[in-house]
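Undergrad: Sharing run.txt below, compact mmCIF, C-alpha atoms and all ligand atoms:
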```
# COMPACT_ATOMS: atom_id res chain seq x y z
CA MET A 1 24.61 -2.97 7.65
CA THR A 2 24.98 -3.47 11.37
CA ASP A 3 24.88 -6.73 13.29
CA LEU A 4 21.41 -5.89 14.57
CA ALA A 5 20.03 -5.44 11.08
CA ASN A 6 21.52 -8.75 9.97
CA ALA A 7 20.52 -10.75 13.03
CA PRO A 8 17.86 -13.45 12.59
CA LEU A 9 14.43 -11.82 12.87
CA SER A 10 12.54 -13.40 15.73
CA SER A 11 9.26 -12.15 17.07
CA ASP A 12 10.68 -10.48 20.15
CA ARG A 13 13.28 -8.60 18.08
CA LEU A 14 10.89 -7.00 15.60
CA GLU A 15 10.20 -3.86 17.59
CA GLU A 16 13.88 -3.48 18.37
CA VAL A 17 14.67 -3.76 14.67
CA ALA A 18 11.95 -1.22 13.88
CA ASP A 19 13.64 1.25 16.19
CA HIS A 20 16.94 0.51 14.50
CA LEU A 21 15.61 0.98 10.96
CA GLU A 22 13.97 4.30 11.78
CA GLY A 23 15.75 6.99 9.78
CA TRP A 24 17.23 4.64 7.18
CA SER A 25 16.86 5.55 3.52
CA VAL A 26 14.08 3.93 1.55
CA ARG A 27 16.62 2.05 -0.52
CA ASP A 28 18.39 0.67 2.55
CA ILE A 29 15.11 -0.37 4.18
CA LEU A 30 14.10 -2.17 0.99
CA ALA A 31 17.53 -3.81 0.72
CA TRP A 32 17.23 -4.97 4.33
CA ALA A 33 13.78 -6.39 3.60
CA CYS A 34 15.14 -8.27 0.59
CA ASP A 35 17.95 -9.74 2.69
CA GLN A 36 15.45 -10.90 5.26
CA PHE A 37 12.50 -12.08 3.19
CA ALA A 38 13.10 -12.41 -0.57
CA PRO A 39 11.75 -14.23 -2.50
CA ARG A 40 8.76 -14.35 -0.12
CA LEU A 41 8.55 -10.55 -0.15
CA THR A 42 5.93 -8.57 -2.03
CA LEU A 43 4.78 -5.00 -2.57
CA ALA A 44 1.08 -4.20 -2.83
CA THR A 45 0.54 -0.94 -4.67
CA GLY A 46 -2.50 1.13 -5.48
CA PHE A 47 -0.36 3.39 -7.71
CA GLY A 48 -0.50 6.36 -5.38
CA THR A 49 2.43 8.74 -5.38
CA GLU A 50 4.05 6.81 -2.53
CA GLY A 51 3.66 3.52 -4.35
CA CYS A 52 5.29 5.02 -7.43
CA VAL A 53 8.26 6.08 -5.26
CA LEU A 54 8.68 2.51 -4.00
CA ILE A 55 8.33 1.05 -7.50
CA ASP A 56 11.03 3.46 -8.67
CA ALA A 57 13.36 2.41 -5.84
CA ILE A 58 12.71 -1.30 -6.50
CA GLY A 59 12.96 -1.01 -10.27
CA THR A 60 15.98 1.25 -10.38
CA ASN A 61 17.92 -0.92 -7.94
CA ARG A 62 16.65 -4.22 -9.47
CA LEU A 63 15.57 -5.43 -6.04
CA PRO A 64 14.03 -8.94 -5.87
CA VAL A 65 10.56 -7.89 -4.79
CA ASP A 66 7.32 -9.32 -6.15
CA LEU A 67 4.81 -6.60 -7.06
CA PHE A 68 1.04 -6.70 -7.38
CA THR A 69 -2.00 -4.47 -7.37
CA LEU A 70 -5.54 -5.14 -6.27
CA ASP A 71 -7.45 -4.67 -9.50
CA THR A 72 -10.98 -4.09 -8.29
CA GLY A 73 -12.22 -3.58 -11.84
CA LEU A 74 -13.25 -0.08 -10.80
CA LEU A 75 -10.01 1.85 -11.16
CA PHE A 76 -9.71 5.05 -13.17
CA PRO A 77 -8.56 4.71 -16.80
CA GLN A 78 -5.62 6.93 -15.84
CA THR A 79 -4.63 4.40 -13.17
CA TYR A 80 -4.69 1.51 -15.63
CA ALA A 81 -2.54 3.59 -17.98
CA LEU A 82 -0.06 4.43 -15.21
CA TRP A 83 0.21 0.71 -14.38
CA ARG A 84 1.44 -0.03 -17.91
CA THR A 85 3.72 3.01 -17.94
CA LEU A 86 5.48 1.90 -14.75
CA GLU A 87 5.95 -1.64 -16.04
CA SER A 88 7.50 -0.28 -19.21
CA ARG A 89 9.65 2.35 -17.52
CA TYR A 90 11.21 -0.08 -15.03
CA ASP A 91 10.98 -3.26 -17.11
CA LEU A 92 9.08 -5.18 -14.47
CA THR A 93 5.71 -6.88 -13.99
CA ILE A 94 3.09 -5.67 -11.56
CA ARG A 95 0.69 -8.59 -11.20
CA ALA A 96 -3.07 -8.13 -11.10
CA VAL A 97 -4.83 -9.67 -8.12
CA ARG A 98 -8.56 -9.69 -8.74
CA PRO A 99 -11.56 -10.47 -6.56
CA ARG A 100 -13.44 -13.75 -6.92
CA LEU A 101 -16.47 -11.84 -8.26
CA THR A 102 -16.43 -9.54 -11.25
CA VAL A 103 -18.25 -6.24 -10.82
CA GLU A 104 -21.16 -7.74 -12.74
CA GLN A 105 -21.25 -10.91 -10.62
CA GLN A 106 -21.13 -8.81 -7.47
CA ALA A 107 -24.14 -6.84 -8.71
CA VAL A 108 -26.08 -10.07 -9.23
CA GLN A 109 -25.19 -11.49 -5.82
CA HIS A 110 -25.26 -8.33 -3.70
CA GLY A 111 -27.24 -5.82 -5.75
CA PRO A 112 -25.96 -3.04 -8.01
CA ALA A 113 -23.49 -0.43 -6.78
CA LEU A 114 -22.77 -2.13 -3.45
CA TRP A 115 -20.27 0.66 -2.76
CA THR A 116 -23.14 3.12 -2.35
CA ARG A 117 -24.94 0.97 0.22
CA ASP A 118 -22.24 -0.94 2.05
CA PRO A 119 -18.73 0.19 1.09
CA ASP A 120 -17.18 -1.89 3.87
CA ALA A 121 -18.67 -5.04 2.34
CA CYS A 122 -17.58 -3.95 -1.12
CA CYS A 123 -14.01 -3.28 0.07
CA ALA A 124 -13.98 -6.64 1.83
CA ILE A 125 -14.99 -8.45 -1.37
CA ARG A 126 -12.87 -6.47 -3.79
CA LYS A 127 -9.80 -5.62 -1.69
CA ALA A 128 -9.39 -7.18 1.74
CA LEU A 129 -10.24 -10.78 0.88
CA PRO A 130 -8.08 -10.88 -2.27
CA LEU A 131 -5.25 -9.26 -0.31
CA ARG A 132 -5.54 -11.85 2.44
CA THR A 133 -5.43 -14.68 -0.09
CA GLU A 134 -2.41 -13.19 -1.83
CA LEU A 135 -0.42 -12.35 1.29
CA ALA A 136 -0.78 -15.93 2.51
CA LYS A 137 1.82 -16.78 -0.15
CA PHE A 138 4.42 -14.43 1.37
CA ASP A 139 6.32 -13.85 4.62
CA ALA A 140 6.37 -10.05 4.38
CA TRP A 141 4.66 -7.27 2.46
CA ILE A 142 5.73 -3.74 1.72
CA SER A 143 3.19 -0.96 1.93
CA ALA A 144 3.40 2.69 0.97
CA ILE A 145 1.64 4.17 3.97
CA ARG A 146 2.91 7.28 5.75
CA ARG A 147 2.21 8.22 9.36
CA GLU A 148 0.88 11.69 8.59
CA GLN A 149 -1.78 10.44 6.16
CA THR A 150 -4.45 9.48 8.69
CA PRO A 151 -4.80 8.98 12.45
CA ALA A 152 -5.06 5.25 11.78
CA ARG A 153 -1.60 5.30 10.20
CA ALA A 154 0.05 7.57 12.76
CA ARG A 155 1.62 4.73 14.74
CA ALA A 156 2.97 2.77 11.76
CA ARG A 157 6.46 1.41 12.34
CA VAL A 158 9.08 0.91 9.62
CA VAL A 159 8.61 -2.79 10.27
CA GLU A 160 5.84 -4.38 12.32
CA TRP A 161 3.77 -7.50 12.68
CA ASP A 162 0.55 -7.36 10.66
CA ALA A 163 -1.83 -9.33 12.82
CA LYS A 164 -4.64 -8.89 10.35
CA PHE A 165 -2.84 -10.72 7.55
CA ASP A 166 -0.38 -12.74 9.63
CA VAL A 167 2.76 -11.44 7.90
CA VAL A 168 5.49 -8.93 8.59
CA LYS A 169 4.64 -5.49 7.23
CA ILE A 170 7.31 -3.09 6.05
CA ASN A 171 6.53 0.62 5.72
CA PRO A 172 9.65 2.25 4.21
CA LEU A 173 7.91 5.62 3.89
CA ALA A 174 6.39 5.68 7.36
CA ALA A 175 8.29 8.82 8.38
CA TRP A 176 8.05 10.62 5.04
CA THR A 177 6.11 13.83 4.57
CA LYS A 178 4.07 14.68 1.52
CA ASP A 179 6.85 17.10 0.51
CA ASP A 180 9.41 14.28 0.77
CA VAL A 181 7.33 12.23 -1.66
CA TRP A 182 6.99 15.00 -4.22
CA THR A 183 10.65 15.96 -3.93
CA TYR A 184 11.61 12.35 -4.72
CA ILE A 185 9.16 12.22 -7.64
CA ASP A 186 10.49 15.45 -9.11
CA THR A 187 14.15 14.52 -8.56
CA HIS A 188 13.82 11.06 -10.09
CA ASP A 189 11.20 11.97 -12.72
CA VAL A 190 8.88 9.23 -11.49
CA PRO A 191 5.66 8.68 -13.49
CA VAL A 192 2.54 9.43 -11.44
CA ASN A 193 -1.18 9.59 -12.04
CA PRO A 194 -2.17 12.74 -13.98
CA LEU A 195 -5.27 12.99 -11.80
CA HIS A 196 -3.07 14.35 -9.02
CA GLU A 197 -2.96 17.60 -11.01
CA GLU A 198 -6.77 17.68 -11.05
CA SER A 199 -7.20 17.86 -7.24
CA TYR A 200 -7.10 14.12 -6.62
CA PRO A 201 -4.24 13.69 -4.12
CA SER A 202 -5.44 10.20 -3.15
CA ILE A 203 -6.90 7.93 -5.81
CA GLY A 204 -8.78 4.69 -5.32
CA CYS A 205 -11.79 3.23 -7.10
CA MET A 206 -13.73 5.57 -9.35
CA PRO A 207 -17.05 5.39 -7.47
CA CYS A 208 -15.43 6.22 -4.13
CA THR A 209 -12.93 8.93 -5.08
CA SER A 210 -13.66 12.63 -5.50
CA PRO A 211 -11.46 15.71 -5.80
CA VAL A 212 -10.51 17.61 -2.65
CA ALA A 213 -10.76 21.32 -1.94
CA PRO A 214 -7.75 23.42 -0.90
CA GLY A 215 -6.94 22.81 2.76
CA GLU A 216 -8.74 19.49 2.99
CA ASN A 217 -6.95 16.34 4.17
CA GLU A 218 -5.42 14.54 1.21
CA ARG A 219 -7.70 11.55 1.79
CA ALA A 220 -10.87 13.66 2.19
CA GLY A 221 -11.99 12.65 -1.29
CA ARG A 222 -12.07 8.96 -0.42
CA TRP A 223 -15.59 7.73 0.52
CA ARG A 224 -16.67 11.37 0.83
CA GLY A 225 -19.61 11.89 3.13
CA ARG A 226 -18.95 8.70 5.07
CA ALA A 227 -17.04 7.98 8.25
CA LYS A 228 -15.04 5.38 6.34
CA THR A 229 -11.40 6.42 5.77
CA GLU A 230 -9.69 3.10 5.02
CA CYS A 231 -10.23 0.10 2.77
CA GLY A 232 -9.59 -2.16 5.74
CA LEU A 233 -6.06 -2.93 4.55
CA HIS A 234 -4.10 -0.67 6.90
CA ASP A 235 -6.23 -0.28 10.02
CA ARG A 236 -4.85 -0.84 13.48
CA LEU A 237 -5.34 -4.55 13.53
CA VAL A 238 -1.68 -4.09 12.70
CA LEU A 239 -0.20 -4.49 16.14
CA PRO A 240 3.27 -4.32 17.56
CA LEU A 241 4.42 -7.91 17.51
CA ALA A 242 4.89 -8.07 21.26
CA GLN A 243 1.14 -7.58 21.70
CA VAL A 244 0.18 -10.52 19.55
CA ALA A 245 3.04 -12.78 20.54
CA GLY A 246 1.97 -12.59 24.15
S1 LIG A 301 -13.15 1.66 -2.80
FE1 LIG A 301 -15.38 1.67 -3.26
S2 LIG A 301 -15.65 0.55 -5.19
FE2 LIG A 301 -13.55 0.12 -4.41
S3 LIG A 301 -13.75 -1.78 -3.29
FE3 LIG A 301 -14.02 -0.13 -1.78
S4 LIG A 301 -16.23 0.34 -1.70
FE4 LIG A 301 -15.83 -0.95 -3.54
```
For the structure just supplied, provide its representation as structure tokens.
Ligand code: SF4
TA:
Amino acid sequence: MTDLANAPLSSDRLEEVADHLEGWSVRDILAWACDQFAPRLTLATGFGTEGCVLIDAIGTNRLPVDLFTLDTGLLFPQTYALWRTLESRYDLTIRAVRPRLTVEQQAVQHGPALWTRDPDACCAIRKALPLRTELAKFDAWISAIRREQTPARARARVVEWDAKFDVVKINPLAAWTKDDVWTYIDTHDVPVNPLHEESYPSIGCMPCTSPVAPGENERAGRWRGRAKTECGLHDRLVLPLAQVAG
């Protein structure tokens, strides 16, 4: 790696480093992240195709990255099965991070099926708050977002300051296309969710995920019929570090 990549990572260098890392392979970006942040480095995965690519790269190269998933208690059975398959295939543990309230307790406190009435509140309880608590234990987290997925993700850098969760965020697949992801999956025979073959390109909680029609955006099946497009985990409270460092 170059001197720039190995230099101490201070706040005013983060954007410069992001420029430098642009175009690096996913393995090299992950290796750089390990050099900088392990063992206080984690990957949060929802077991999408992109997450499976990153788990393959981490598992195959035995990289020292903690892994967890936000288990909302409302995932598809196929997703729970994929979770176990990936752990077995790569001989690693993907920890479960769960919300303070079970689905049943949430129904008692906030009424049944909160996701139908206030999905933002439901995502806050079941995803954003547990993620915030978990990320407080780390210096950097790896996400599987890609720029072309949504307008909110279009400005994602390979590495950036996550002002929402007060950690460095690393997006090794930021520049990847959907074809890049599937080429990697096919080449490396990576296990993925079988629901992808049933018109579910993006898979979240069961109540908020529906199949998409040909030509629709790959995330069109998430919170269908609502303006909501994100769980609140990857919105643009992620700022270039210079903006928050003043
Ligand atoms: S995706 Fe739906 S069910 Fe899952 S946490 Fe968000 S609102 Fe709740």
Undergrad: Please check which protein, DNA or RNA residues sit within 9 Å of ligand LIG 301 (chain A), counting all atoms listed in the file, and write them as a PyMOL selection string.
TA: chain A and resi 72-75+113-128+204-209+222-223+230-232
Undergrad: What does the distance between CA of Ala175 (chain A) and CA of Arg13 (chain A) come to in Å, to one decimal place?
TA: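 According to the coordinates, CA of Ala175 (chain A) and CA of Arg13 (chain A) are separated by 20.6 Å.
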Undergrad: Please report as a Markdown table every residue of region 130-181 of chain A lying within 6 Å of region 22-45 of chain A, along with the nearest atom pair and their distance in Å (one decimal), using all atoms listed in the file.
TA:
```
| residue | atom | partner | partner_atom | distance |
| --- | --- | --- | --- | --- |
| A:Phe138 | CA | A:Arg40 | CA | 4.6 |
| A:Asp139 | CA | A:Arg40 | CA | 5.4 |
| A:Ala140 | CA | A:Leu41 | CA | 5.1 |
| A:Trp141 | CA | A:Thr42 | CA | 4.8 |
| A:Ile142 | CA | A:Leu43 | CA | 4.6 |
| A:Pro172 | CA | A:Val26 | CA | 5.4 |
```
Undergrad: Which neighbours of Ala136 (chain A) fall inside 10 Å, counting all atoms listed in the file, when residues of the same chain fewer than 6 positions from it are skipped, and could you give them as a PyMOL selection string?
TA: chain A and resi 165-167
Undergrad: State, in Å with one decimal place, the distance from CA of Glu218 (chain A) to CA of Tyr200 (chain A).
TA: 8.0 Å
Undergrad: Could you tell me how far CA of Ser199 (chain A) lies from CA of Val212 (chain A), in Å and to one decimal?
TA: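 Value for the CA of Ser199 (chain A)-CA of Val212 (chain A) distance: 5.7 Å.
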Undergrad: Residues of region 143-239 of chain A that have any atom at most 10 Å from an atom of region 83-101 of chain A: could you tabulate them with the shortest-distance atom pair and the distance in Å to one decimal, using all atoms listed in the file, ordered by chain and increasing number, as JSON lines?
TA:
```
{"residue": "A:Val190", "atom": "CA", "partner": "A:Leu86", "partner_atom": "CA", "distance": 8.7}
{"residue": "A:Pro191", "atom": "CA", "partner": "A:Leu86", "partner_atom": "CA", "distance": 6.9}
{"residue": "A:Val192", "atom": "CA", "partner": "A:Leu86", "partner_atom": "CA", "distance": 8.7}
{"residue": "A:Asn193", "atom": "CA", "partner": "A:Trp83", "partner_atom": "CA", "distance": 9.3}
```
Undergrad: Under the rule that all atoms listed in the file are counted, which of A:Val159, A:Ala213, A:Leu82, A:Ala107 is the nearest residue to Thr49 (chain A)?
TA: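 Closest to Thr49 (chain A), using all atoms listed in the file: A:Leu82.
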Undergrad: Given only C-alpha atoms as the basis, pick out the residue of A:Ala152, A:Leu233, A:Val181, A:Ala227 nearest to Leu135 (chain A).
TA: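 Selected residue with least distance to Leu135 (chain A): A:Leu233.
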Undergrad: Give me, as a PyMOL selection string, all polymer residues having an atom no more than 8 Å from Gln149 (chain A), counting all atoms listed in the file and skipping those fewer than 3 positions away in the same chain.
TA: chain A and resi 145-146+153-154+218-219
